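Student: Sharing run19.txt here; it has compact mmCIF, C-alpha atoms.
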# COMPACT_ATOMS: atom_id res chain seq x y z
CA MET A 26 67.66 124.81 182.84
CA MET A 27 68.63 128.43 183.47
CA THR A 28 70.90 131.11 182.13
CA THR A 29 74.67 131.04 182.53
CA THR A 30 74.33 134.46 184.14
CA LEU A 31 72.38 133.03 187.07
CA ALA A 32 74.76 130.07 187.40
CA THR A 33 77.74 132.42 187.45
CA TRP A 34 76.01 134.68 189.97
CA MET A 35 75.37 131.77 192.35
CA THR A 36 78.91 130.47 191.92
CA THR A 37 80.35 133.86 192.82
CA LEU A 38 78.18 133.98 195.94
CA ARG A 39 79.18 130.47 197.01
CA HIS A 40 82.87 131.16 196.53
CA GLN A 41 82.58 134.31 198.63
CA LEU A 42 80.80 132.40 201.38
CA HIS A 43 83.26 129.51 201.18
CA ALA A 44 86.25 131.80 201.56
CA HIS A 45 84.79 133.42 204.68
CA PRO A 46 83.23 130.63 206.79
CA GLU A 47 81.66 131.48 210.13
CA LEU A 48 80.85 129.07 212.94
CA ALA A 49 77.41 128.50 214.48
CA LEU A 50 75.86 131.68 215.91
CA GLN A 51 78.83 133.71 214.62
CA GLU A 52 77.49 134.11 211.06
CA VAL A 53 77.49 137.92 211.15
CA ALA A 54 79.15 138.62 207.79
CA THR A 55 77.20 135.77 206.20
CA THR A 56 73.95 137.25 207.47
CA ALA A 57 74.91 140.66 206.11
CA LEU A 58 75.74 139.22 202.67
CA ILE A 59 72.42 137.36 202.48
CA LYS A 60 70.47 140.50 203.43
CA GLN A 61 72.39 142.60 200.92
CA THR A 62 71.76 140.06 198.15
CA LEU A 63 68.04 139.80 198.89
CA THR A 64 67.73 143.58 199.02
CA GLU A 65 69.42 143.87 195.61
CA LEU A 66 66.83 141.39 194.31
CA ASN A 67 64.05 143.59 195.74
CA ILE A 68 62.93 140.74 197.99
CA ARG A 69 61.44 141.95 201.25
CA LEU A 70 63.16 141.10 204.50
CA VAL A 71 61.09 140.03 207.49
CA ASP A 72 62.01 141.30 210.94
CA TYR A 73 63.87 138.55 212.77
CA PRO A 74 65.20 139.06 216.33
CA GLY A 75 68.20 136.73 216.11
CA GLU A 76 71.67 138.23 215.80
CA THR A 77 72.36 135.89 212.90
CA GLY A 78 70.02 134.29 210.39
CA VAL A 79 67.69 135.84 207.82
CA VAL A 80 63.99 135.55 207.01
CA ALA A 81 62.51 136.96 203.81
CA GLU A 82 59.35 136.57 201.74
CA ILE A 83 58.30 136.47 198.10
CA GLY A 84 54.65 136.77 197.13
CA HIS A 85 51.70 137.88 199.19
CA GLY A 86 48.89 136.48 201.29
CA ALA A 87 47.90 132.96 202.22
CA PRO A 88 48.88 130.22 202.03
CA ILE A 89 52.46 130.48 203.27
CA ILE A 90 55.06 127.82 202.61
CA ALA A 91 58.76 127.88 203.51
CA LEU A 92 62.13 126.98 202.02
CA ARG A 93 65.11 126.52 204.31
CA ALA A 94 68.90 126.64 203.96
CA ASP A 95 71.53 126.49 206.72
CA ILE A 96 74.41 128.97 206.74
CA ASP A 97 77.06 127.96 209.33
CA ALA A 98 80.49 126.38 208.87
CA LEU A 99 82.58 123.87 210.85
CA PRO A 100 85.75 124.09 213.00
CA ILE A 101 87.84 122.19 210.42
CA GLN A 102 91.09 123.21 208.72
CA GLU A 103 90.52 123.07 204.97
CA ASP A 104 92.74 120.74 202.95
CA ASN A 105 91.91 121.89 199.43
CA GLU A 106 93.94 123.85 196.90
CA LEU A 107 91.03 125.97 195.71
CA SER A 108 91.32 129.57 194.60
CA PHE A 109 88.44 130.34 196.99
CA ARG A 110 89.51 128.08 199.88
CA SER A 111 88.86 129.25 203.43
CA THR A 112 90.80 132.33 204.45
CA ILE A 113 90.10 131.71 208.15
CA PRO A 114 92.39 129.16 209.84
CA GLY A 115 90.54 126.26 211.46
CA ARG A 116 87.20 127.06 209.82
CA MET A 117 85.68 125.54 206.71
CA HIS A 118 82.42 125.02 204.89
CA ALA A 119 83.00 121.26 205.05
CA CYS A 120 79.28 120.44 204.95
CA GLY A 121 78.32 122.59 201.99
CA HIS A 122 76.14 125.12 203.79
CA ASP A 123 77.68 127.72 201.44
CA PHE A 124 76.23 125.64 198.58
CA HIS A 125 72.83 125.55 200.32
CA THR A 126 72.81 129.31 200.88
CA ALA A 127 73.79 130.20 197.32
CA ALA A 128 71.23 127.76 195.90
CA LEU A 129 68.39 129.20 197.98
CA LEU A 130 69.39 132.70 196.89
CA GLY A 131 69.29 131.42 193.32
CA GLY A 132 65.87 129.91 193.89
CA ALA A 133 64.72 133.20 195.36
CA ARG A 134 65.89 135.02 192.25
CA LEU A 135 63.91 132.62 190.04
CA LEU A 136 60.78 132.91 192.18
CA LYS A 137 60.99 136.70 192.23
CA VAL A 138 60.67 136.76 188.42
CA HIS A 139 57.18 135.23 188.57
CA GLU A 140 56.17 136.55 191.99
CA ALA A 141 52.79 137.74 190.69
CA ASP A 142 51.86 134.18 189.73
CA LEU A 143 52.63 132.53 193.08
CA ASN A 144 49.13 132.69 194.61
CA GLY A 145 50.59 132.76 198.10
CA THR A 146 53.78 133.51 200.00
CA VAL A 147 57.15 131.78 199.93
CA ARG A 148 59.05 132.35 203.16
CA LEU A 149 62.83 132.01 202.86
CA ILE A 150 64.59 130.78 206.01
CA PHE A 151 68.37 131.15 206.17
CA GLN A 152 69.10 129.31 209.39
CA PRO A 153 72.17 129.70 211.60
CA ALA A 154 73.68 127.01 213.82
CA GLU A 155 72.55 123.79 212.19
CA GLU A 156 75.78 122.27 213.46
CA GLY A 157 75.09 121.50 217.11
CA HIS A 158 71.33 121.41 216.40
CA ARG A 159 70.51 124.77 217.97
CA GLY A 160 69.47 126.93 215.04
CA ALA A 161 66.14 125.42 214.03
CA LYS A 162 64.86 125.49 217.61
CA MET A 163 65.88 129.14 217.97
CA MET A 164 64.17 130.11 214.73
CA ILE A 165 61.00 128.20 215.60
CA ASP A 166 60.97 129.85 219.04
CA ASN A 167 61.31 133.20 217.25
CA GLY A 168 58.20 132.53 215.16
CA VAL A 169 59.54 131.74 211.68
CA LEU A 170 56.86 129.08 211.18
CA ALA A 171 53.96 131.38 212.04
CA GLY A 172 51.29 130.73 209.43
CA VAL A 173 53.51 128.33 207.47
CA ARG A 174 51.66 125.27 206.09
CA ALA A 175 54.59 123.22 204.70
CA ILE A 176 58.37 123.39 204.31
CA ALA A 177 61.03 121.98 201.99
CA GLY A 178 64.79 121.87 201.78
CA PHE A 179 67.75 119.74 200.73
CA HIS A 180 71.26 118.77 201.75
CA ASN A 181 73.99 118.48 199.17
CA MET A 182 75.69 115.09 198.88
CA PRO A 183 79.12 114.99 197.20
CA ASN A 184 78.99 111.23 196.59
CA LEU A 185 75.92 111.68 194.35
CA PRO A 186 76.30 112.96 190.78
CA VAL A 187 75.09 116.41 189.83
CA GLY A 188 71.48 116.19 188.68
CA THR A 189 70.57 113.48 191.17
CA LEU A 190 68.01 113.92 193.94
CA ALA A 191 67.80 111.23 196.61
CA MET A 192 64.35 111.23 198.14
CA LYS A 193 61.91 108.95 199.93
CA SER A 194 58.91 109.24 202.19
CA GLY A 195 59.29 108.54 205.89
CA PRO A 196 62.65 108.52 207.70
CA LEU A 197 65.53 109.93 205.63
CA MET A 198 68.12 111.04 208.20
CA ALA A 199 68.78 109.59 211.63
CA SER A 200 68.01 110.90 215.08
CA ASN A 201 71.01 112.14 217.04
CA ASP A 202 71.91 111.62 220.69
CA ASN A 203 75.36 112.66 221.90
CA PHE A 204 76.98 111.48 225.13
CA ASP A 205 79.85 112.71 227.30
CA VAL A 206 80.96 110.31 230.05
CA THR A 207 83.49 111.08 232.77
CA ILE A 208 84.79 108.16 234.81
CA LEU A 209 85.82 109.09 238.36
CA GLY A 210 88.45 106.72 239.69
CA GLN A 211 91.53 106.89 241.91
CA GLY A 212 94.94 107.62 240.48
CA ALA A 213 98.27 106.15 241.60
CA HIS A 214 101.81 105.47 240.49
CA ALA A 215 101.74 103.39 237.29
CA ALA A 216 104.00 100.81 238.98
CA MET A 217 101.56 100.46 241.89
CA PRO A 218 98.17 99.78 240.26
CA GLU A 219 96.88 98.04 243.39
CA ALA A 220 96.67 101.47 245.01
CA SER A 221 94.40 102.75 242.23
CA HIS A 222 90.92 102.36 240.86
CA ASP A 223 92.15 102.70 237.30
CA PRO A 224 89.67 104.64 235.10
CA ILE A 225 91.58 103.71 231.95
CA VAL A 226 90.71 100.05 232.44
CA THR A 227 87.06 101.06 232.79
CA LEU A 228 87.36 103.23 229.70
CA GLY A 229 88.65 100.30 227.69
CA GLU A 230 85.88 98.02 228.90
CA LEU A 231 83.23 100.60 228.03
CA ILE A 232 84.55 100.95 224.47
CA SER A 233 83.78 97.26 223.98
CA ASN A 234 80.76 96.86 226.27
CA LEU A 235 78.78 99.70 224.70
CA GLN A 236 78.90 98.01 221.30
CA THR A 237 76.66 95.26 222.70
CA ILE A 238 73.81 97.77 222.60
CA ARG A 239 73.82 97.38 218.82
CA SER A 240 74.83 93.74 218.58
CA ARG A 241 72.69 92.26 221.38
CA ASN A 242 69.74 94.61 221.89
CA ILE A 243 68.74 95.84 218.43
CA ALA A 244 67.36 93.60 215.69
CA PRO A 245 69.96 92.86 212.98
CA ASP A 246 67.83 94.41 210.26
CA ALA A 247 67.33 97.68 212.15
CA ALA A 248 69.76 100.57 211.69
CA LEU A 249 71.57 101.89 214.76
CA VAL A 250 75.08 103.29 215.03
CA LEU A 251 76.96 103.88 218.28
CA THR A 252 80.30 105.58 217.77
CA ILE A 253 82.80 106.58 220.45
CA ALA A 254 84.56 109.45 218.73
CA ALA A 255 86.79 110.91 221.46
CA VAL A 256 88.66 109.51 224.47
CA GLN A 257 90.87 111.28 226.98
CA ALA A 258 92.85 109.89 229.93
CA GLY A 259 96.16 110.68 231.56
CA THR A 260 99.04 112.93 230.64
CA THR A 261 102.22 110.86 231.05
CA PHE A 262 103.66 107.32 231.03
CA ASN A 263 104.01 106.60 234.74
CA VAL A 264 100.87 107.99 236.36
CA ILE A 265 97.44 106.37 236.53
CA PRO A 266 95.01 109.31 236.32
CA ASN A 267 92.04 110.05 238.54
CA THR A 268 89.63 110.42 235.64
CA ALA A 269 88.98 109.34 232.08
CA ASN A 270 86.51 110.59 229.51
CA LEU A 271 84.73 109.33 226.41
CA ARG A 272 82.37 111.07 224.02
CA GLY A 273 80.33 109.92 221.08
CA THR A 274 76.99 109.65 219.36
CA ILE A 275 74.07 107.30 218.73
CA ARG A 276 72.09 107.44 215.47
CA THR A 277 68.95 105.49 214.58
CA PHE A 278 65.73 105.74 212.58
CA ASN A 279 63.44 104.11 215.15
CA THR A 280 62.04 105.88 218.22
CA ALA A 281 61.71 102.70 220.31
CA ASN A 282 65.30 101.70 219.52
CA ARG A 283 66.46 105.22 220.32
CA ASP A 284 64.85 105.04 223.76
CA LEU A 285 66.13 101.50 224.38
CA ALA A 286 69.68 102.47 223.44
CA LYS A 287 69.67 105.24 226.03
CA VAL A 288 68.40 102.93 228.78
CA ARG A 289 71.01 100.27 227.98
CA PHE A 290 73.73 102.93 227.71
CA TYR A 291 73.10 104.15 231.26
CA ASP A 292 72.86 100.57 232.56
CA ILE A 293 76.16 99.50 230.99
CA VAL A 294 78.12 102.63 231.93
CA ARG A 295 77.00 102.62 235.56
CA ALA A 296 77.41 98.86 236.02
CA THR A 297 80.88 98.81 234.45
CA ALA A 298 82.01 101.67 236.66
CA LYS A 299 80.56 100.06 239.79
CA MET A 300 82.29 96.76 239.00
CA ASN A 301 85.58 98.67 238.99
CA GLN A 302 84.78 100.59 242.22
CA GLN A 303 84.32 103.86 240.40
CA THR A 304 81.56 106.37 239.70
CA VAL A 305 80.57 108.20 236.53
CA THR A 306 78.87 111.33 235.34
CA ILE A 307 76.88 111.18 232.11
CA ASP A 308 75.98 114.25 230.08
CA TRP A 309 73.30 113.26 227.55
CA ASP A 310 72.44 115.62 224.71
CA ARG A 311 69.18 114.64 223.03
CA GLY A 312 69.39 116.03 219.52
CA PRO A 313 66.92 116.14 216.64
CA SER A 314 64.61 113.26 215.85
CA CYS A 315 64.64 111.65 212.39
CA VAL A 316 64.19 113.77 209.33
CA ASN A 317 60.82 112.26 208.44
CA ASN A 318 59.29 113.16 205.09
CA ASN A 319 55.54 113.57 204.80
CA ALA A 320 54.34 110.78 202.49
CA ALA A 321 51.73 112.78 200.56
CA LEU A 322 54.04 115.76 200.08
CA THR A 323 56.90 113.49 198.98
CA ALA A 324 54.65 111.86 196.39
CA VAL A 325 53.67 115.26 194.98
CA LEU A 326 57.27 116.46 194.78
CA SER A 327 58.40 113.21 193.19
CA ARG A 328 55.96 113.80 190.34
CA VAL A 329 56.95 117.45 190.00
CA LEU A 330 60.72 116.92 190.14
CA LYS A 331 61.14 113.72 188.13
CA ASP A 332 61.53 115.50 184.78
CA ASP A 333 64.41 117.67 186.05
CA PHE A 334 66.22 115.25 188.37
CA ASP A 335 67.39 111.66 188.41
CA ILE A 336 65.38 110.42 191.43
CA VAL A 337 66.94 107.71 193.64
CA PRO A 338 66.12 106.51 197.19
CA GLU A 339 68.78 106.89 199.88
CA LEU A 340 69.12 106.92 203.68
CA CYS A 341 71.81 108.68 205.72
CA ASN A 342 72.90 108.17 209.33
CA ALA A 343 73.78 111.85 209.62
CA ASP A 344 71.27 114.09 211.37
CA ASP A 345 69.80 117.49 210.56
CA ASP A 346 67.70 119.80 212.71
CA PHE A 347 65.37 120.26 209.74
CA ALA A 348 63.57 117.47 211.64
CA LEU A 349 62.38 120.07 214.17
CA TYR A 350 60.44 121.92 211.46
CA GLN A 351 58.87 118.63 210.40
CA GLU A 352 57.71 118.05 213.98
CA CYS A 353 55.60 121.22 213.59
CA ILE A 354 54.38 121.10 209.97
CA PRO A 355 54.50 118.74 206.97
CA GLY A 356 57.93 118.84 205.39
CA PHE A 357 60.18 117.36 202.74
CA TYR A 358 63.98 117.02 202.71
CA GLY A 359 66.16 115.43 200.05
CA PHE A 360 69.80 114.86 199.11
CA LEU A 361 70.94 116.86 196.11
CA GLY A 362 73.90 115.47 194.19
CA SER A 363 76.84 117.89 194.33
CA GLY A 364 79.32 115.64 192.52
CA GLY A 365 82.45 116.47 194.49
CA ASN A 366 84.99 114.53 196.48
CA GLY A 367 85.46 113.59 200.12
CA THR A 368 82.48 113.22 202.39
CA LEU A 369 80.62 115.67 204.57
CA HIS A 370 82.64 117.04 207.51
CA GLN A 371 85.99 116.08 205.94
CA SER A 372 88.83 118.55 205.40
CA ASN A 373 88.99 117.64 201.70
CA TYR A 374 85.24 118.03 201.09
CA ARG A 375 84.58 119.65 197.74
CA CYS A 376 81.45 120.06 195.61
CA ASP A 377 80.79 120.91 191.99
CA ASP A 378 79.36 124.37 191.36
CA ALA A 379 77.32 122.89 188.50
CA GLY A 380 75.02 121.48 191.16
CA LEU A 381 73.89 124.99 192.09
CA THR A 382 71.66 125.19 189.01
CA TYR A 383 69.80 122.10 190.21
CA GLY A 384 69.58 123.52 193.73
CA ALA A 385 67.95 126.71 192.52
CA ARG A 386 65.59 124.75 190.28
CA PHE A 387 64.66 122.50 193.22
CA HIS A 388 63.61 125.52 195.27
CA GLU A 389 61.62 127.03 192.42
CA LEU A 390 59.72 123.82 191.67
CA ALA A 391 59.27 122.84 195.32
CA ALA A 392 57.86 126.24 196.26
CA THR A 393 55.22 126.27 193.54
CA ALA A 394 54.32 122.63 194.23
CA LEU A 395 53.97 123.24 197.97
CA LEU A 396 51.69 126.21 197.40
CA LYS A 397 49.42 124.11 195.20
CA TRP A 398 49.52 121.19 197.63
CA VAL A 399 48.48 123.19 200.70
CA ARG A 400 45.65 124.83 198.74
CA ALA A 401 44.28 121.50 197.55
Can the structure in the file be given as structure tokens, please?

Tutor:
Amino acid sequence: MMTTTLATWMTTLRHQLHAHPELALQEVATTALIKQTLTELNIRLVDYPGETGVVAEIGHGAPIIALRADIDALPIQEDNELSFRSTIPGRMHACGHDFHTAALLGGARLLKVHEADLNGTVRLIFQPAEEGHRGAKMMIDNGVLAGVRAIAGFHNMPNLPVGTLAMKSGPLMASNDNFDVTILGQGAHAAMPEASHDPIVTLGELISNLQTIRSRNIAPDAALVLTIAAVQAGTTFNVIPNTANLRGTIRTFNTANRDLAKVRFYDIVRATAKMNQQTVTIDWDRGPSCVNNNAALTAVLSRVLKDDFDIVPELCNADDDFALYQECIPGFYGFLGSGGNGTLHQSNYRCDDAGLTYGARFHELAATALLKWVRA
């Protein structure tokens, strides 16, 4: 598919990025490395006002299409015995954004070789802060989609073999709503519960009651996940605390079910607290909508990519703020097999560098196909 030299070059870049992970909106060294690499490739940088993140272009004139990779890491302690494992305690590229960045740089190198034949402009978007769904909004607000007609990208998937591309039209990744609930009760001595309004009892009831949103409000054949991922209450064995807290997330592929889940969530939380003579505060973080692939664009890319990739359909309940770009312009997102171990956001996540060659090829083929598609 491409020379060993390019594969080795991308691998070296990924290992450097992996060893020096930076959290969302702190990607200063990562940004500098991307700019340095693009400059060495004689690819022009575009002025971008953000402190982190990079925008560059290959080709000239209209139409303009875009390719996007995310660049931030996660607050996870790495549990891998790799020669290039994270050198920063408590930080890790556990979602493969180092893989994404190196692959887009590889794609840029391929596209630069035949820049004169592009008949348009390929805008490269290296986005900060995908984790926490802030980066895409910031970049859009800063004008990175100005003049752009279509966009493409991918997320690596370690459970898929190298050479595989999971793709489908319509919803691919779920919407994301996060919640943070604080129950305000009345503490007391643990031996005198009658003097309390025990928030831990309410916390326990909510853990069970909130699951009825999925089981008794959403059709059985519709996908919706409600996960309570963090609970906090009390500090010792003989004191009922004044407050308790729970946090979690709701993921779905259906807008009506997303809205219904929020309504039922508020109803259940408030009613359960009232029943126990308590009050609550609810902090609701509405995240990205579904990653939703344009049907016509997906059909075109399927035809273009089928000779180089093993194409399979797949859904994922994870979210990605790539969805925000798709709310503005037609877009395509897929899952590229990275043939590793663990799953995304795990401390033992690992991917196979051999997948980088397919990532670079994806960007090269997608860019040329998008330029033809928007001109048609």

Student: List every residue of range 63-182 of chain A that has an atom at most 12 Å from any atom of range 322-327 of chain A, giving for each one its closest atom pair and the distance in Å to one decimal, counting all atoms listed in the file, sorted by chain and then by ascending residue number, as a Markdown table.

Tutor:
| residue | atom | partner | partner_atom | distance |
| --- | --- | --- | --- | --- |
| A:Arg174 | CA | A:Leu322 | CA | 11.5 |
| A:Ala175 | CA | A:Leu322 | CA | 8.8 |
| A:Ile176 | CA | A:Leu322 | CA | 9.7 |
| A:Ala177 | CA | A:Leu322 | CA | 9.5 |
| A:Gly178 | CA | A:Leu326 | CA | 11.6 |

Student: Mind checking which residues fall within 9 Å of Ala254 in chain A, counting all atoms listed in the file, ignoring those fewer than 5 positions away in the same chain, and posting them as number ranges by chain?

Tutor: A: 271-274

Student: Rank A:Arg283, A:Arg159, A:Arg241, A:His222 by their smallest atom-to-atom distance to Asp346 in chain A, using all atoms listed in the file, and report the top residue only.

Tutor: A:Arg159

Student: Measuring atom to atom with all atoms listed in the file, identify which of A:Ile59, A:Ile307, A:Ala213, A:Met182 is nearest to Thr368 in chain A.

Tutor: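 With all atoms listed in the file as the atom set, the closest residue is A:Met182.
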
Student: What lies within 7 Å of Arg311 in chain A using all atoms listed in the file, ignoring chain neighbours under 2 positions off, as a ChimeraX atom specification?

Tutor: /A:201-203,309,313

Student: Give as a PyMOL selection string the set of residues within 12 Å of the point (68.0, 115.4, 209.8), where distances use the file's coordinates and only C-alpha atoms.

Tutor: chain A and resi 155-158+161+178-180+195-201+276-278+312-318+340-352+356-360

Student: So that I can see what lies close to Ala171 in chain A, please list as a list in words the residues with an atom at most 12 Å from it, counting all atoms listed in the file and leaving out residues fewer than 3 positions away in the same chain.

Tutor: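 Counting only the stated atoms, we get Val80, Ala87, Pro88, Ile89, Ile90, Ala91, Arg148, Met164, Ile165, Asp166, Asn167, Gly168, Arg174, Ala175, Ile176, Tyr350, Cys353 and Ile354 of chain A.
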
Student: Name the closest residue to Lys193 in chain A among the candidates A:Ala154, A:Ala391, A:Ala321, A:Val169; distances are taken between atoms, counting all atoms listed in the file.

Tutor: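 Using all atoms listed in the file, the shortest distance to Lys193 in chain A belongs to A:Ala321.
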
Student: Could range 147-167 of chain A be completed with N, CA and C atoms and written as a PDB file, in the frame of the given file, please?

Tutor:
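Listing of part-v6.pdb after writing:
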ATOM      1  N   VAL A 147      56.013 132.669 199.693  1.00  0.00           N
ATOM      2  CA  VAL A 147      57.150 131.780 199.930  1.00  0.00           C
ATOM      3  C   VAL A 147      58.051 132.444 200.961  1.00  0.00           C
ATOM      4  N   ARG A 148      58.174 131.823 202.113  1.00  0.00           N
ATOM      5  CA  ARG A 148      59.050 132.350 203.160  1.00  0.00           C
ATOM      6  C   ARG A 148      60.426 131.683 203.048  1.00  0.00           C
ATOM      7  N   LEU A 149      61.456 132.484 202.977  1.00  0.00           N
ATOM      8  CA  LEU A 149      62.830 132.010 202.860  1.00  0.00           C
ATOM      9  C   LEU A 149      63.482 132.041 204.233  1.00  0.00           C
ATOM     10  N   ILE A 150      63.973 130.897 204.685  1.00  0.00           N
ATOM     11  CA  ILE A 150      64.590 130.780 206.010  1.00  0.00           C
ATOM     12  C   ILE A 150      66.065 130.440 205.826  1.00  0.00           C
ATOM     13  N   PHE A 151      66.931 131.373 206.176  1.00  0.00           N
ATOM     14  CA  PHE A 151      68.370 131.150 206.170  1.00  0.00           C
ATOM     15  C   PHE A 151      68.791 130.942 207.625  1.00  0.00           C
ATOM     16  N   GLN A 152      68.983 129.690 207.987  1.00  0.00           N
ATOM     17  CA  GLN A 152      69.100 129.310 209.390  1.00  0.00           C
ATOM     18  C   GLN A 152      70.548 129.235 209.871  1.00  0.00           C
ATOM     19  N   PRO A 153      70.850 129.870 210.989  1.00  0.00           N
ATOM     20  CA  PRO A 153      72.170 129.700 211.600  1.00  0.00           C
ATOM     21  C   PRO A 153      72.228 128.399 212.407  1.00  0.00           C
ATOM     22  N   ALA A 154      73.437 128.014 212.783  1.00  0.00           N
ATOM     23  CA  ALA A 154      73.680 127.010 213.820  1.00  0.00           C
ATOM     24  C   ALA A 154      72.970 125.673 213.599  1.00  0.00           C
ATOM     25  N   GLU A 155      73.035 125.159 212.365  1.00  0.00           N
ATOM     26  CA  GLU A 155      72.550 123.790 212.190  1.00  0.00           C
ATOM     27  C   GLU A 155      73.502 122.821 212.866  1.00  0.00           C
ATOM     28  N   GLU A 156      74.804 123.093 212.758  1.00  0.00           N
ATOM     29  CA  GLU A 156      75.780 122.270 213.460  1.00  0.00           C
ATOM     30  C   GLU A 156      75.606 122.480 214.966  1.00  0.00           C
ATOM     31  N   GLY A 157      75.387 121.385 215.681  1.00  0.00           N
ATOM     32  CA  GLY A 157      75.090 121.500 217.110  1.00  0.00           C
ATOM     33  C   GLY A 157      73.595 121.563 217.378  1.00  0.00           C
ATOM     34  N   HIS A 158      72.795 121.454 216.336  1.00  0.00           N
ATOM     35  CA  HIS A 158      71.330 121.410 216.400  1.00  0.00           C
ATOM     36  C   HIS A 158      70.719 122.429 217.358  1.00  0.00           C
ATOM     37  N   ARG A 159      71.110 123.693 217.173  1.00  0.00           N
ATOM     38  CA  ARG A 159      70.510 124.770 217.970  1.00  0.00           C
ATOM     39  C   ARG A 159      69.666 125.725 217.128  1.00  0.00           C
ATOM     40  N   GLY A 160      70.054 125.871 215.850  1.00  0.00           N
ATOM     41  CA  GLY A 160      69.470 126.930 215.040  1.00  0.00           C
ATOM     42  C   GLY A 160      67.998 126.784 214.749  1.00  0.00           C
ATOM     43  N   ALA A 161      67.554 125.595 214.365  1.00  0.00           N
ATOM     44  CA  ALA A 161      66.140 125.420 214.030  1.00  0.00           C
ATOM     45  C   ALA A 161      65.257 125.717 215.238  1.00  0.00           C
ATOM     46  N   LYS A 162      65.654 125.235 216.402  1.00  0.00           N
ATOM     47  CA  LYS A 162      64.860 125.490 217.610  1.00  0.00           C
ATOM     48  C   LYS A 162      64.765 126.985 217.887  1.00  0.00           C
ATOM     49  N   MET A 163      65.891 127.700 217.740  1.00  0.00           N
ATOM     50  CA  MET A 163      65.880 129.140 217.970  1.00  0.00           C
ATOM     51  C   MET A 163      64.945 129.841 216.990  1.00  0.00           C
ATOM     52  N   MET A 164      65.005 129.442 215.727  1.00  0.00           N
ATOM     53  CA  MET A 164      64.170 130.110 214.730  1.00  0.00           C
ATOM     54  C   MET A 164      62.690 129.806 214.943  1.00  0.00           C
ATOM     55  N   ILE A 165      62.394 128.557 215.305  1.00  0.00           N
ATOM     56  CA  ILE A 165      61.000 128.200 215.600  1.00  0.00           C
ATOM     57  C   ILE A 165      60.502 128.994 216.800  1.00  0.00           C
ATOM     58  N   ASP A 166      61.341 129.081 217.850  1.00  0.00           N
ATOM     59  CA  ASP A 166      60.970 129.850 219.040  1.00  0.00           C
ATOM     60  C   ASP A 166      60.751 131.323 218.707  1.00  0.00           C
ATOM     61  N   ASN A 167      61.445 131.799 217.669  1.00  0.00           N
ATOM     62  CA  ASN A 167      61.310 133.200 217.250  1.00  0.00           C
ATOM     63  C   ASN A 167      60.231 133.397 216.192  1.00  0.00           C
TER      64      ASN A 167
END
